[in-house]
Every structure is written in structure tokens, then in C-alpha cells.
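> Coordinates in model_23.txt, compact mmCIF, C-alpha atoms, are listed below.
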```
# COMPACT_ATOMS: atom_id res chain seq x y z
CA MET A 29 127.01 104.78 114.78
CA GLY A 30 128.78 101.81 113.22
CA ALA A 31 132.48 101.74 112.48
CA VAL A 32 133.88 99.88 109.50
CA VAL A 33 136.08 96.92 110.46
CA LEU A 34 138.18 95.42 107.67
CA ILE A 35 138.22 91.63 107.54
CA ALA A 36 141.48 90.33 106.10
CA ALA A 37 142.73 87.00 104.80
CA LEU A 38 139.71 86.21 102.61
CA THR A 39 140.12 83.60 99.92
CA TYR A 40 139.18 84.34 96.36
CA GLY A 41 139.32 82.39 93.11
CA ARG A 42 137.59 80.09 90.69
CA HIS A 43 136.28 76.79 92.00
CA SER A 44 135.96 73.64 89.97
CA SER A 45 132.66 73.02 91.75
CA ALA A 46 131.03 76.11 90.28
CA PRO A 47 127.33 75.52 89.56
CA ALA A 48 126.52 74.87 85.91
CA TRP A 49 123.76 76.38 83.79
CA GLN A 50 120.75 74.27 82.79
CA SER A 51 118.33 75.32 80.07
CA VAL A 52 114.80 76.01 81.30
CA THR A 53 113.14 77.12 78.06
CA THR A 54 114.17 78.30 74.59
CA THR A 55 110.91 80.09 73.73
CA PHE A 56 110.60 82.73 76.45
CA THR A 57 108.39 85.63 75.17
CA LYS A 58 109.09 84.45 71.61
CA ALA A 59 105.48 84.90 70.55
CA ASP A 60 105.13 88.37 72.07
CA ARG A 61 105.89 91.39 69.92
CA PRO A 62 107.84 93.55 70.11
CA TYR A 63 110.64 91.54 71.68
CA GLY A 64 111.62 92.18 75.28
CA GLY A 65 112.40 89.89 78.19
CA GLY A 66 111.79 92.37 80.96
CA ALA A 67 111.93 91.71 84.69
CA PHE A 68 110.75 88.11 84.98
CA ARG A 69 109.90 85.72 87.81
CA ILE A 70 109.55 81.94 87.73
CA ARG A 71 107.64 79.64 90.08
CA GLY A 72 107.58 76.00 89.05
CA SER A 73 106.24 76.02 85.50
CA GLU A 74 104.66 79.46 85.88
CA VAL A 75 106.29 82.67 84.69
CA MET A 76 105.45 86.35 84.74
CA THR A 77 107.27 89.39 83.40
CA LEU A 78 107.00 93.16 83.44
CA LYS A 79 108.73 94.52 80.37
CA ILE A 80 109.35 97.89 78.77
CA ALA A 81 109.35 97.76 74.99
CA GLY A 82 109.17 100.11 72.06
CA PRO A 83 106.48 99.91 69.38
CA GLU A 84 106.71 97.30 66.66
CA LEU A 85 108.34 98.80 63.59
CA ARG A 86 107.55 97.68 60.04
CA PHE A 87 109.53 98.42 56.89
CA HIS A 88 109.20 97.90 53.14
CA VAL A 89 111.97 97.93 50.56
CA VAL A 90 112.05 100.49 47.75
CA GLY A 91 114.50 101.02 44.90
CA LEU A 92 115.17 97.36 44.09
CA ASP A 93 114.43 98.13 40.44
CA LYS A 94 117.55 100.34 40.47
CA GLY A 95 119.78 97.63 41.78
CA TYR A 96 120.71 96.11 45.13
CA ASP A 97 122.99 99.02 46.13
CA GLU A 98 120.17 101.54 45.62
CA ALA A 99 117.58 99.62 47.68
CA GLN A 100 116.40 101.17 50.96
CA ALA A 101 114.27 99.99 53.87
CA VAL A 102 111.55 102.58 54.43
CA PRO A 103 109.23 102.64 57.48
CA ASP A 104 105.63 101.76 56.70
CA GLU A 105 104.43 104.88 58.57
CA PRO A 106 106.26 108.25 58.91
CA TRP A 107 106.21 108.22 62.75
CA MET A 108 108.32 105.05 62.75
CA ASP A 109 111.28 107.07 61.48
CA ASN A 110 111.01 109.62 64.32
CA VAL A 111 112.98 108.77 67.47
CA ASP A 112 110.79 110.96 69.70
CA GLU A 113 107.65 109.24 68.43
CA ARG A 114 109.19 105.83 69.08
CA LEU A 115 110.09 106.82 72.64
CA ASN A 116 106.61 108.21 73.23
CA ARG A 117 105.07 104.92 72.11
CA ARG A 118 107.06 102.73 74.50
CA THR A 119 104.88 100.69 76.84
CA ALA A 120 105.04 98.77 80.10
CA SER A 121 103.41 95.35 79.78
CA PHE A 122 102.65 92.65 82.32
CA LEU A 123 102.46 89.12 80.97
CA ARG A 124 101.78 85.82 82.70
CA GLY A 125 101.66 82.21 81.58
CA SER A 126 103.69 79.01 81.50
CA LEU A 127 107.39 78.57 80.73
CA ASN A 128 106.91 76.51 77.60
CA GLY A 129 103.59 77.97 76.55
CA ASP A 130 102.20 81.31 75.49
CA LEU A 131 102.22 84.33 77.78
CA THR A 132 99.06 86.39 78.09
CA ARG A 133 99.36 90.17 78.23
CA ARG A 134 97.19 91.31 81.13
CA PHE A 135 98.33 94.91 81.47
CA GLN A 136 99.76 97.50 79.09
CA GLN A 137 100.23 101.24 79.57
CA PRO A 138 102.33 103.97 77.92
CA ALA A 139 105.61 104.19 79.87
CA GLN A 140 109.33 104.53 79.42
CA ASN A 141 109.95 103.26 82.95
CA ALA A 142 108.05 101.23 85.54
CA ALA A 143 108.37 99.85 89.06
CA TRP A 144 106.49 96.86 90.47
CA TRP A 145 105.82 94.80 93.57
CA TYR A 146 104.11 91.41 93.86
CA SER A 147 102.97 89.31 96.80
CA LYS A 148 104.61 85.94 97.51
CA ASP A 149 101.51 84.10 96.30
CA TRP A 150 101.43 86.14 93.06
CA THR A 151 97.93 87.38 93.85
CA THR A 152 98.47 91.09 94.51
CA PHE A 153 100.44 93.38 92.21
CA TYR A 154 101.30 97.05 92.17
CA VAL A 155 102.75 98.76 89.08
CA ALA A 156 103.88 102.38 88.85
CA THR A 157 104.31 103.70 85.30
CA ASP A 158 106.37 106.73 84.28
CA TRP A 159 105.89 108.51 80.95
CA MET A 160 107.19 111.78 79.49
CA ASP A 161 106.53 113.50 76.17
CA TYR A 162 109.77 113.44 74.19
CA LYS A 163 108.28 115.69 71.52
CA ARG A 164 107.83 118.47 74.05
CA ALA A 165 110.64 121.05 74.27
CA GLU A 166 112.80 120.68 77.34
CA PRO A 167 112.27 123.53 79.85
CA LYS A 168 115.15 125.83 80.82
CA ASN A 169 115.64 124.06 84.15
CA GLY A 170 115.95 120.70 82.36
CA LEU A 171 113.12 119.18 84.42
CA SER A 172 110.79 117.83 81.75
CA PRO A 173 107.37 116.90 83.19
CA HIS A 174 106.79 113.22 83.91
CA ILE A 175 103.40 111.55 84.32
CA THR A 176 103.22 108.84 86.99
CA LYS A 177 100.29 106.47 87.35
CA LEU A 178 99.81 103.76 89.98
CA TRP A 179 97.92 100.53 89.37
CA ARG A 180 96.83 97.60 91.52
CA SER A 181 95.59 94.07 90.83
CA GLY A 182 94.19 91.75 93.48
CA ASP A 183 93.40 88.75 91.27
CA GLY A 184 96.77 87.67 89.96
CA GLY A 185 96.96 90.36 87.28
CA LYS A 186 93.71 89.52 85.48
CA THR A 187 92.13 92.91 86.18
CA TRP A 188 93.68 96.22 87.21
CA THR A 189 92.49 99.34 89.02
CA GLN A 190 94.15 102.72 88.71
CA LEU A 191 94.73 104.18 92.17
CA ASN A 192 94.26 107.84 92.98
CA TRP A 193 97.84 109.07 92.68
CA PRO A 194 99.03 112.63 91.76
CA GLN A 195 100.70 112.33 88.36
CA ASP A 196 103.57 114.68 89.30
CA ARG A 197 104.73 112.39 92.14
CA ASN A 198 107.40 110.15 90.70
CA ILE A 199 107.69 106.54 91.93
CA ASP A 200 110.85 104.57 91.22
CA ARG A 201 110.54 101.92 93.96
CA LEU A 202 107.63 100.04 95.55
CA LEU A 203 108.31 98.13 98.79
CA PHE A 204 105.51 96.29 100.62
CA LEU A 205 105.24 94.18 103.78
CA ASP A 206 102.06 92.56 102.50
CA SER A 207 99.23 93.27 100.08
CA GLU A 208 97.95 96.22 102.14
CA ARG A 209 101.00 97.83 103.81
CA GLY A 210 103.89 99.35 101.97
CA TYR A 211 105.93 102.28 100.70
CA ALA A 212 106.27 104.25 97.48
CA ILE A 213 109.63 105.99 97.02
CA GLY A 214 110.40 108.62 94.41
CA TRP A 215 112.31 111.73 93.40
CA GLY A 216 113.00 114.43 95.95
CA PRO A 217 113.49 112.06 97.55
CA HIS A 218 109.99 111.43 98.92
CA ILE A 219 108.62 108.45 100.80
CA TRP A 220 104.92 107.69 101.15
CA ARG A 221 103.32 104.95 103.26
CA THR A 222 100.00 103.16 102.81
CA ALA A 223 98.18 100.80 105.17
CA ASP A 224 95.04 100.27 103.09
CA GLY A 225 96.21 98.85 99.79
CA GLY A 226 97.07 102.19 98.20
CA GLN A 227 93.74 103.92 98.83
CA SER A 228 95.45 106.56 100.97
CA TRP A 229 99.07 107.61 101.51
CA GLN A 230 101.01 109.42 104.24
CA GLU A 231 104.28 111.18 103.45
CA ILE A 232 107.11 110.36 105.87
CA SER A 233 109.56 113.06 106.96
CA LEU A 234 113.13 112.23 105.99
CA PRO A 235 116.25 112.43 108.19
CA PRO A 236 118.77 115.31 108.02
CA MET A 237 120.33 116.15 104.65
CA ALA A 238 118.46 113.46 102.75
CA THR A 239 117.00 116.18 100.55
CA ASP A 240 118.55 119.16 98.75
CA VAL A 241 116.41 122.05 97.48
CA ARG A 242 118.89 122.44 94.61
CA GLN A 243 118.13 118.89 93.47
CA PRO A 244 114.35 118.43 93.25
CA ARG A 245 114.85 115.06 91.56
CA LYS A 246 117.45 113.71 93.94
CA ARG A 247 117.23 109.99 94.62
CA LEU A 248 118.19 107.96 97.65
CA ASN A 249 121.34 105.94 97.06
CA ALA A 250 119.66 102.72 98.20
CA THR A 251 116.61 101.36 100.05
CA ASP A 252 115.63 98.05 101.61
CA LEU A 253 112.60 96.69 103.45
CA GLY A 254 113.67 93.94 105.84
CA PRO A 255 111.74 90.83 106.90
CA ASP A 256 110.97 92.57 110.21
CA GLY A 257 109.20 95.40 108.39
CA VAL A 258 112.00 97.91 108.99
CA LEU A 259 112.69 100.29 106.09
CA ARG A 260 116.32 101.34 105.61
CA ILE A 261 117.49 104.18 103.40
CA ALA A 262 121.05 105.19 102.47
CA TYR A 263 122.42 108.48 101.18
CA TYR A 264 125.79 110.22 100.98
CA VAL A 265 126.66 113.27 103.08
CA SER A 266 129.74 115.46 102.90
CA THR A 267 129.13 116.77 106.44
CA LEU A 268 126.53 115.78 109.01
CA GLY A 269 127.54 116.80 112.51
CA GLU A 270 130.76 114.92 113.21
CA ILE A 271 130.29 112.70 110.15
CA ARG A 272 132.43 113.53 107.12
CA SER A 273 132.31 112.14 103.56
CA SER A 274 130.25 109.07 104.40
CA THR A 275 127.12 107.20 103.49
CA VAL A 276 124.61 107.19 106.33
CA VAL A 277 121.94 104.53 106.74
CA TYR A 278 118.73 105.31 108.62
CA ARG A 279 116.01 102.88 109.69
CA LEU A 280 112.25 103.31 110.11
CA ARG A 281 109.99 100.88 111.95
CA TRP A 282 106.51 100.36 110.58
CA ASP A 283 104.82 101.52 113.78
CA THR A 284 106.71 104.86 113.87
CA THR A 285 107.11 107.91 111.64
CA GLN A 286 110.65 108.85 112.67
CA PHE A 287 113.91 107.62 111.15
CA TRP A 288 116.82 106.64 113.40
CA GLN A 289 120.46 106.39 112.43
CA ASP A 290 121.46 102.78 111.79
CA ALA A 291 125.00 102.70 110.39
CA VAL A 292 127.71 104.88 108.87
CA LEU A 293 130.10 103.77 106.11
CA PRO A 294 132.96 106.30 105.94
CA GLY A 295 134.60 107.13 102.63
CA GLN A 296 132.22 105.20 100.41
CA VAL A 297 128.96 105.49 98.51
CA ILE A 298 126.36 102.75 99.01
CA VAL A 299 124.70 101.76 95.74
CA GLN A 300 122.47 98.91 96.99
CA LEU A 301 121.09 97.58 100.26
CA GLY A 302 119.81 94.06 100.91
CA SER A 303 118.78 91.92 103.84
CA SER A 304 118.57 88.25 104.72
CA ASP A 305 115.28 86.60 105.68
CA GLU A 306 117.13 84.31 108.07
CA LEU A 307 117.08 85.21 111.75
CA ARG A 308 120.22 84.53 113.75
CA ALA A 309 120.34 85.42 117.46
CA ASP A 310 117.01 87.28 117.07
CA ALA A 311 118.46 89.47 114.30
CA HIS A 312 119.05 89.28 110.58
CA SER A 313 121.92 90.51 108.44
CA ILE A 314 121.96 93.74 106.44
CA TYR A 315 124.28 93.95 103.43
CA ALA A 316 125.52 96.98 101.49
CA LEU A 317 127.23 97.13 98.12
CA SER A 318 129.31 100.27 97.85
CA GLU A 319 131.89 102.19 95.83
CA LEU A 320 134.98 103.33 97.71
CA GLY A 321 135.65 107.05 97.58
CA ALA A 322 133.53 110.13 97.04
CA PRO A 323 130.71 110.39 94.47
CA ARG A 324 131.67 111.18 90.91
CA ASP A 325 132.67 114.78 90.29
CA TRP A 326 130.84 115.63 87.09
CA ASP A 327 132.73 118.92 86.76
CA ASP A 328 136.07 117.10 86.70
CA THR A 329 136.74 115.72 83.21
CA ARG A 330 139.44 113.44 84.66
CA ASP A 331 136.88 111.63 86.83
CA ASN A 332 135.44 108.79 84.74
CA GLY A 333 133.19 107.64 87.57
CA HIS A 334 134.86 104.26 88.07
CA ARG A 335 135.29 103.26 91.71
CA THR A 336 136.55 100.12 93.45
CA GLY A 337 133.63 98.11 94.84
CA ALA A 338 133.13 96.53 98.26
CA ILE A 339 130.48 94.66 100.20
CA SER A 340 129.79 95.19 103.91
CA THR A 341 127.41 93.78 106.50
CA TRP A 342 125.95 94.50 109.93
CA ALA A 343 123.24 93.07 112.16
CA SER A 344 119.71 94.47 112.40
CA SER A 345 120.20 95.04 116.14
CA SER A 346 120.69 98.53 117.58
CA GLN A 347 124.15 100.17 117.39
CA PRO A 348 125.56 97.54 115.02
CA ARG A 349 129.21 97.09 114.04
CA VAL A 350 129.82 97.32 110.30
CA ASP A 351 132.15 94.68 108.84
CA GLN A 352 133.61 95.22 105.37
CA LEU A 353 133.49 91.67 104.03
CA HIS A 354 135.36 92.03 100.77
CA THR A 355 136.91 94.55 98.40
CA PHE A 356 136.75 93.60 94.75
CA ASP A 357 139.49 94.08 92.19
CA GLU A 358 139.47 97.60 90.78
CA CYS A 359 139.08 96.29 87.20
CA TYR A 360 135.45 95.34 87.91
CA THR A 361 132.39 97.56 87.87
CA LEU A 362 129.83 96.29 90.36
CA ASP A 363 126.26 96.16 89.04
CA GLY A 364 124.30 94.73 91.96
CA PHE A 365 123.96 91.84 94.39
CA SER A 366 121.52 89.29 95.79
CA VAL A 367 121.14 87.75 99.24
CA GLY A 368 120.13 84.11 99.42
CA THR A 369 119.74 81.58 102.21
CA LYS A 370 122.30 79.50 104.11
CA GLY A 371 125.05 82.07 103.64
CA VAL A 372 124.77 82.47 99.85
CA LEU A 373 125.64 85.90 98.44
CA LEU A 374 125.94 86.85 94.76
CA VAL A 375 127.60 90.00 93.41
CA TYR A 376 127.17 90.93 89.75
CA ALA A 377 129.96 92.80 87.99
CA THR A 378 131.19 93.83 84.56
CA ASP A 379 134.74 93.24 83.40
CA ALA A 380 135.43 95.88 80.77
CA GLY A 381 139.20 95.48 80.84
CA ARG A 382 139.33 92.83 78.12
CA ARG A 383 139.35 92.90 74.36
CA GLY A 384 135.99 92.70 72.69
CA ALA A 385 132.67 93.14 74.46
CA PRO A 386 132.64 93.48 78.27
CA HIS A 387 131.92 90.26 80.14
CA GLU A 388 129.45 89.75 82.96
CA ILE A 389 130.99 88.21 86.07
CA THR A 390 129.14 86.57 88.95
CA PHE A 391 130.97 86.51 92.28
CA TYR A 392 129.51 84.11 94.80
CA SER A 393 130.02 83.17 98.43
CA ARG A 394 128.54 80.22 100.30
CA ASP A 395 129.80 81.23 103.75
CA PHE A 396 128.22 84.65 104.41
CA GLY A 397 130.92 86.51 102.47
CA ARG A 398 134.03 85.13 104.14
CA SER A 399 135.34 83.59 100.89
CA TRP A 400 134.50 84.29 97.26
CA SER A 401 134.65 82.61 93.86
CA ASP A 402 133.76 83.97 90.44
CA ILE A 403 132.24 82.78 87.17
CA ASP A 404 132.65 84.43 83.77
CA ASP A 405 129.16 84.47 82.24
CA GLY A 406 130.06 86.18 78.98
CA ILE A 407 127.35 88.46 77.64
CA GLY A 408 123.80 88.19 78.97
CA GLN A 409 120.54 90.12 78.83
CA GLY A 410 119.43 90.19 82.45
CA GLY A 411 118.20 87.73 85.01
CA TRP A 412 116.74 87.09 88.44
CA PHE A 413 117.81 85.40 91.67
CA ASP A 414 115.28 83.37 93.65
CA ALA A 415 116.45 84.03 97.22
CA GLN A 416 114.25 81.31 98.68
CA THR A 417 115.89 78.50 96.68
CA ASN A 418 119.30 80.06 95.89
CA THR A 419 118.52 79.68 92.18
CA GLN A 420 119.90 82.13 89.63
CA TYR A 421 118.13 82.61 86.30
CA ALA A 422 119.63 84.26 83.20
CA LEU A 423 118.11 85.32 79.89
CA TYR A 424 119.89 84.91 76.54
CA ALA A 425 117.57 86.02 73.71
CA TYR A 426 114.62 83.57 74.04
CA THR A 427 116.51 81.12 76.25
CA VAL A 428 116.21 81.08 80.04
CA LYS A 429 118.84 79.18 81.99
CA LYS A 430 119.18 78.43 85.69
CA ARG A 431 121.79 77.27 88.16
CA GLN A 432 121.63 76.62 91.87
CA PHE A 433 124.08 77.66 94.55
```
Just dump the structure as C-alpha cells.


Amino acid sequence: MGAVVLIAALTYGRHSSAPAWQSVTTTFTKADRPYGGGAFRIRGSEVMTLKIAGPELRFHVVGLDKGYDEAQAVPDEPWMDNVDERLNRRTASFLRGSLNGDLTRRFQQPAQNAAWWYSKDWTTFYVATDWMDYKRAEPKNGLSPHITKLWRSGDGGKTWTQLNWPQDRNIDRLLFLDSERGYAIGWGPHIWRTADGGQSWQEISLPPMATDVRQPRKRLNATDLGPDGVLRIAYYVSTLGEIRSSTVVYRLRWDTTQFWQDAVLPGQVIVQLGSSDELRADAHSIYALSELGAPRDWDDTRDNGHRTGAISTWASSSQPRVDQLHTFDECYTLDGFSVGTKGVLLVYATDAGRRGAPHEITFYSRDFGRSWSDIDDGIGQGGWFDAQTNTQYALYAYTVKKRQF
């Protein structure tokens, strides 16, 4: 069991040497309709994206003969004015091409949500699509049926094969060691493992109190697959033996089917796990982004869900000590983080305590989290961090920008 050790006297502020944005392209997905940037990846001049988008809507104007104030935009087809129909017609699309050229759509399926994994050489892809019928009446238990489908491509996304996957098994995360070995993680929570490229799957038994029969769609708080092939999962427990009000982290080696306790973070809820690819002293670093305090009490109207954020770390060795690297100002809402190389860490946050629209803030450290600086990025639309090159990409409408840490 790991104990949290607070590290004091950390520096924090804005540096004049903050990396600057450079424009990469101003035409990203501009030719693809309907608009949507999606989750994108860039490699040299190549780009690929998996995006969720609604159907393209078309309107015509009526009533102009009665004057400008009487004119109305009317959908070309009746279904376009129905919100349930629009949700039902959302799709997950995979596109690939060049940064300054056209992107080719190589995959498209009905879905309101999707998860994906891709190999480092961009040859093998897995995509899990999730679709529900919004026109169908919600059942009394509130658990509307979802249809999950799992797809695989082994030729860079040119052709796709639907794998044999039960449609009632939700998948919200795909984590693979290589093109053949990996995990599918979904509601329950449930974890399945494949060693043959998704042709067959074995369900893995979860550690104590990871599941709750009263919550059939419970999710794990966080998951991570390290460079050593060890899967880590995190979930909050109110009581587990001598443990009270803590997030527990369990680890699973690829060659076993049993989880072992890895670390305990008392009095906080982990929201994301990450790991470094760099080995130091035959181990690599595990990082956790967390919210201090107990989970939100939905029955308490005074609890708005806001919690102070923190980032912690420990080594991948057995019986690690957990060090709480930094606690962020309570005015920020933490959205996620990325682990780079050579000590680079990025934490993404939202500053809603200002007039006007909330601003996106990027906190960064170049010394493994000992000191931090921040950059106000204004309002963005998503992005991606290339951990191998410490390059951050951001999307603003059709413009992709990058900066290097």
C-alpha cells in the first residue's frame, strides 16, 4: 500500500520562455461535411482523425414575400427538425490523408460515441462504436439499450472487418500492447482480453468492490496500460478492509489473470492515470490526476461537484511510495493530462472564474512535476499531445497549431 507524501516548496508561475504556437494548417477537415475535427493524430505530413458528427442539415427560406421579419428557415426534410432523428443519424467516421490536402473517409458507422486504438506504425486499427435509439421510450430503470460493434483494420484503415462482439457489451476504452494483444473495457465495469487480434476474448475478474450490482453501468475511474504491458485500474472505495474513503489502484500483468493492489490515494478521486515510456532504475513512472475529497454527492443540492485538483506519482516497482507532486489552485477545473519525455508533464484545466467565456489553461512542467508554469490558451476545440516528441497540437475551427515543450 502506498502512502501519500506531500512535496512542498514547489515553484509556480508564468515563464517568459513559454513555447509559442505555430500554424500547421488552416484547412483541416474543411472539405469534409458535416464539420467536425474529432480525435486527430499527426505524423509528419500525414494526418488521421476519428470524429463523431451529426447529419448534414439543409434549409430553405420561406415567407420572404411577406417581408424580412416574416421569413423563416425551414428544414428541407421533416426529420431534420427532429432532435431525436438528428441524434440517431450521428456517425463515427475515420478519415486519413495529408495535412494540406484532402482527407479520405475510410470508415463510417452509425454512432453517438466511439473508442479507438491504433498501432505506432498506423497499420492496425480497432474502433468500437456505440449507438442507441433516441426515438425509443426510456425504460423504467433508465437503462436504454445500447448497440456496440467492434471493427478492425489491418491495412492502415483502407478496409475494415466487423469482429464477433456481443452488441450489449459496451466498450468505452481500447488498450493494446500490439496489434494482436489488448484489452476492451466497458460498463459494469467489465474487462476483456484478447491475444489473437480480437477473434476471441477472455473476461478478467476484477478486484474487490470494483463492481456494484446496484450500478450495472458503473465505470472505472481511470485505466492505463504501461510500456511494460501492465494494466492499471483505479476506482473509489468508501471502505475496503482498513482502507477508508480512498481511490485504490490495482495492477494486472499480461501473463496473469489476477489483479494486485498497487497504490492507495486517501481522500481523493483519481480521474486519469498515465505512465511514462522512459525507464529509470528498471522502472517507469505512473502519474495520477485526482480531485481532492469524496465523489460528488448528487443528492446534496449544495454540492456543485467542483473539487481542487492534484497530480501524484509513484514508481512501477512493487510497494511504491506515492508522492503528491502538486495541488492546483481551487479556481481551476482539471480536464486531463499528458506525459511526455525528458520530464515533461502537461495538465489541462478550465478557468471559469473570469468574466466571459471560460478559458483553457495549460500547466506544464519540464522537471518531472517539481515546478510548474501555465499558459492561457483562450478558447479551443480540442487537441492532442505527441508524447514521443513533446509536441502539443490544438484545433481552432479549421486551423491546427503546434508548440513544442

> May I ask for the distance between CA of Asp158 (chain A) and CA of Ala139 (chain A), given in Å to one decimal place?

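Between CA of Asp158 (chain A) and CA of Ala139 (chain A) the gap works out to 5.1 Å.
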
> In terms of the shortest atom-to-atom distance over only C-alpha atoms, which of A:Glu113, A:Glu306, A:Asp379, A:Asp252 is closest to Ala212 (chain A)?

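Selected residue with least distance to Ala212 (chain A): A:Asp252.
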
> Could you check the closest approach to Trp150 (chain A) for each of A:Gly129, A:Val75, A:Arg201, A:Trp179 and tell me which residue wins, using all atoms listed in the file?

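Distance minimum relative to Trp150 (chain A) lands on A:Val75.
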
> Considering all atoms listed in the file, can you say which of A:Thr369, A:Thr57, A:Ser346, A:Thr187 comes closest to Thr152 (chain A)?

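Closest to Thr152 (chain A) of all the choices is A:Thr187.
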
> CA of Asn141 (chain A) and CA of Ile80 (chain A) are how many Å apart?

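Going from CA of Asn141 (chain A) over to CA of Ile80 (chain A), I get 6.8 Å.
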
> With distances taken over all atoms listed in the file, which of A:Leu171, A:Leu203, A:Leu92, A:Val155 is nearest to Trp188 (chain A)?

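Using all atoms listed in the file, Trp188 (chain A) sits closest to A:Val155.
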
> So which one's closest to Leu320 (chain A), A:Arg335, A:Arg221, A:Arg71, A:His88? Using only C-alpha atoms, please.

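Smallest distance to Leu320 (chain A) is found for A:Arg335.
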
> When you look at region 355-357 of chain A with a cut-off of 7 Å (counting all atoms listed in the file), what residues show up, excluding the ones that are within fewer than 4 positions of it in the same chain? I need them as a list in words.

Thr336, Gly337, Ala338 and Ile339 of chain A

> Region 103-111 of chain A: which residues within 7 Å, counting only C-alpha atoms, same-chain residues fewer than 2 positions away excluded, as a PyMOL selection string?

chain A and resi 85-88+101+113-115

> Return the single residue from A:Thr132, A:Ser228, A:Thr55, A:Thr390 that is closest to Ile407 (chain A), with distances computed using all atoms listed in the file.

A:Thr390

> Can you tell me, as a PyMOL selection string, which residues sit within 12 Å of (129.3, 78.9, 81.7) in the file's frame, using only C-alpha atoms?

chain A and resi 44+46-51+387-390+402-408+422+429-431
